[in-house]
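Written out below as structure tokens is the structure these notes cover.
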Amino acid sequence: REEAVHDDCDWTSGANGVGKSSLAIALAGDTERTASVDSEGEGYMRTVTVDEEDSTIVIYDNWRQDLSALQCEVCVLVFSVTDRRSFHRTAQLRLLLRETQPQTPIILVGNKSDLVRTREVSSQEAMSSAALYNCLYLEISASLDHRTPELLECAVRLARGESPWP
Ligand code: GDP
Ligand code: MG
């Protein structure tokens, strides 16, 4: 079974520096066993076992095609909790996505949870915003690999059409 998991959707210039590429690499896992699937090296293919079932997934960083061409099973919208602008950007992208791909499950991800002192967006605010749009919200640290395994599992379950939690 093949499922595509998207790391952000900044085909219309999403926020830079929020940690999308770091997250894609964290999700791709052991690079010895991961293959790049596109010429720019921005797609990673791997097989994961979730709930005792194997799935082959493709993780794309920085989707650059237009929205109508977007074909993914799950979209992960990433902002940095230290960058309020990037949070607003994900809200815009979420609206666009809901217009063109109403069926695609969206996971809102607040990255850089390790940067406590420079935080600009509270968990509560992000969670409320996600709830409004029926999105899952997860707070992670891509560089510490904190909660990235959970994100991967939730994304795979959503791609399978299941509930995100076991
Ligand atoms: P992108 O532009 O969204 O792809 O962001 P990158 O993955 O290139 O990351 C931008 C910068 O943020 C890099 O210096 C990363 O090391 C740093 N970064 C990414 N994730 C985290 C994180 O969880 N915590 C911290 N403190 N820094 C991070
Ligand atoms: Mg990047």
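FYI, nothing fancy with the structure tokens labels: chains A, B, ... in order, residues from 1 per chain, ligands from 1 as they appear.
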Each chain A residue no farther than 6 Å from ligand 1, nearest pair in Å, only C-alpha atoms and all ligand atoms, as a Markdown table:
| residue | atom | partner | partner_atom_place_in_ligand_line | distance |
| --- | --- | --- | --- | --- |
| A:Asn16 | CA | ligand 1 | 2 (O) | 4.0 |
| A:Gly17 | CA | ligand 1 | 2 (O) | 3.4 |
| A:Val18 | CA | ligand 1 | 3 (O) | 4.0 |
| A:Gly19 | CA | ligand 1 | 5 (O) | 3.3 |
| A:Lys20 | CA | ligand 1 | 3 (O) | 3.7 |
| A:Ser21 | CA | ligand 1 | 7 (O) | 3.7 |
| A:Ser22 | CA | ligand 1 | 7 (O) | 3.6 |
| A:Asn111 | CA | ligand 1 | 23 (O) | 5.3 |
| A:Lys112 | CA | ligand 1 | 23 (O) | 3.5 |
| A:Asp114 | CA | ligand 1 | 24 (N) | 5.7 |
| A:Leu115 | CA | ligand 1 | 26 (N) | 5.5 |
| A:Ser141 | CA | ligand 1 | 23 (O) | 3.4 |
| A:Ala142 | CA | ligand 1 | 23 (O) | 3.9 |
| A:Ser143 | CA | ligand 1 | 23 (O) | 4.2 |
Looking only at alpha helix (DSSP H) from DSSP on the backbone, list the matching residues of region 127-163 of chain A as a ChimeraX atom specification.
/A:127-132,148-159
For ligand 2, which of A:Gly110, A:Gly29, A:Gly161, A:Gly43 is the closest residue, counting only C-alpha atoms and all ligand atoms?
A:Gly43
Can you tell me how far CA of Val109 (chain A) sits from CA of Val58 (chain A), in Å to one decimal?
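Computed distance, CA of Val109 (chain A) to CA of Val58 (chain A), equals 18.2 Å.
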Would you kindly return, as JSON, numbers by chain, each protein, DNA or RNA residue with an atom no farther than 10 Å from any atom of Ile107 (chain A), considering only C-alpha atoms and excluding same-chain residues fewer than 5 positions away?
{"A": [6, 7, 8, 74, 75, 76, 77, 78, 94, 130, 134, 135, 136, 137, 138, 151, 154, 155, 158, 164]}
If you measure from CA of Glu162 (chain A) to CA of Phe87 (chain A), what distance in Å do you get, rounded to one decimal?
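These two atoms are separated by 26.8 Å.
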Using only C-alpha atoms, determine which residues lie at most 12 Å from Arg117 (chain A), disregarding the query and same-chain residues fewer than 5 positions distant; provide the list as a list in words.
Val81, Thr82, Lys112 and Ser122 of chain A
Please report, as a PyMOL selection string, each residue of region 7-164 of chain A to which DSSP assigns strand (DSSP E) when run on this structure's backbone.
chain A and resi 7+35-36+43-50+53-61+74-80+106-111+136-139
Next, the residues of the selection above should be written as a PDB file, in the first residue's frame with C-alpha atoms.
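Full text of result14.pdb as output:
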ATOM      1  CA  ASP A   7       5.412  17.946   4.907  1.00  0.00           C
ATOM      2  CA  ALA A  35      15.321   6.428  -0.887  1.00  0.00           C
ATOM      3  CA  SER A  36      14.852   9.859  -2.384  1.00  0.00           C
ATOM      4  CA  GLY A  43      10.665  13.216  -1.392  1.00  0.00           C
ATOM      5  CA  TYR A  44      11.540  10.310   0.856  1.00  0.00           C
ATOM      6  CA  MET A  45      10.146   6.836   0.585  1.00  0.00           C
ATOM      7  CA  ARG A  46      10.135   4.412   3.468  1.00  0.00           C
ATOM      8  CA  THR A  47       8.166   1.541   4.893  1.00  0.00           C
ATOM      9  CA  VAL A  48       6.740   1.915   8.365  1.00  0.00           C
ATOM     10  CA  THR A  49       4.923  -0.495  10.615  1.00  0.00           C
ATOM     11  CA  VAL A  50       1.989   1.067  12.416  1.00  0.00           C
ATOM     12  CA  GLU A  53       0.597  -3.233   9.544  1.00  0.00           C
ATOM     13  CA  ASP A  54       3.222  -2.152   7.012  1.00  0.00           C
ATOM     14  CA  SER A  55       2.743   0.925   4.835  1.00  0.00           C
ATOM     15  CA  THR A  56       5.023   2.324   2.215  1.00  0.00           C
ATOM     16  CA  ILE A  57       4.868   6.075   2.455  1.00  0.00           C
ATOM     17  CA  VAL A  58       6.300   8.984   0.539  1.00  0.00           C
ATOM     18  CA  ILE A  59       7.117  12.107   2.505  1.00  0.00           C
ATOM     19  CA  TYR A  60       7.352  15.265   0.421  1.00  0.00           C
ATOM     20  CA  ASP A  61       9.029  18.412   1.568  1.00  0.00           C
ATOM     21  CA  VAL A  74      -2.433  13.608   4.435  1.00  0.00           C
ATOM     22  CA  CYS A  75      -1.174  17.154   4.570  1.00  0.00           C
ATOM     23  CA  VAL A  76       1.049  18.306   7.420  1.00  0.00           C
ATOM     24  CA  LEU A  77       1.047  22.083   7.817  1.00  0.00           C
ATOM     25  CA  VAL A  78       4.053  23.217   9.787  1.00  0.00           C
ATOM     26  CA  PHE A  79       4.613  26.454  11.657  1.00  0.00           C
ATOM     27  CA  SER A  80       7.132  27.424  14.274  1.00  0.00           C
ATOM     28  CA  ILE A 106      -4.766  18.001   7.725  1.00  0.00           C
ATOM     29  CA  ILE A 107      -2.412  17.828  10.668  1.00  0.00           C
ATOM     30  CA  LEU A 108      -1.348  21.167  12.083  1.00  0.00           C
ATOM     31  CA  VAL A 109       2.137  20.957  13.554  1.00  0.00           C
ATOM     32  CA  GLY A 110       3.731  23.482  15.897  1.00  0.00           C
ATOM     33  CA  ASN A 111       7.463  22.889  15.615  1.00  0.00           C
ATOM     34  CA  LEU A 136      -5.342  17.405  14.596  1.00  0.00           C
ATOM     35  CA  TYR A 137      -2.765  19.548  16.402  1.00  0.00           C
ATOM     36  CA  LEU A 138       0.613  18.221  17.488  1.00  0.00           C
ATOM     37  CA  GLU A 139       3.489  20.101  19.043  1.00  0.00           C
TER      38      GLU A 139
END
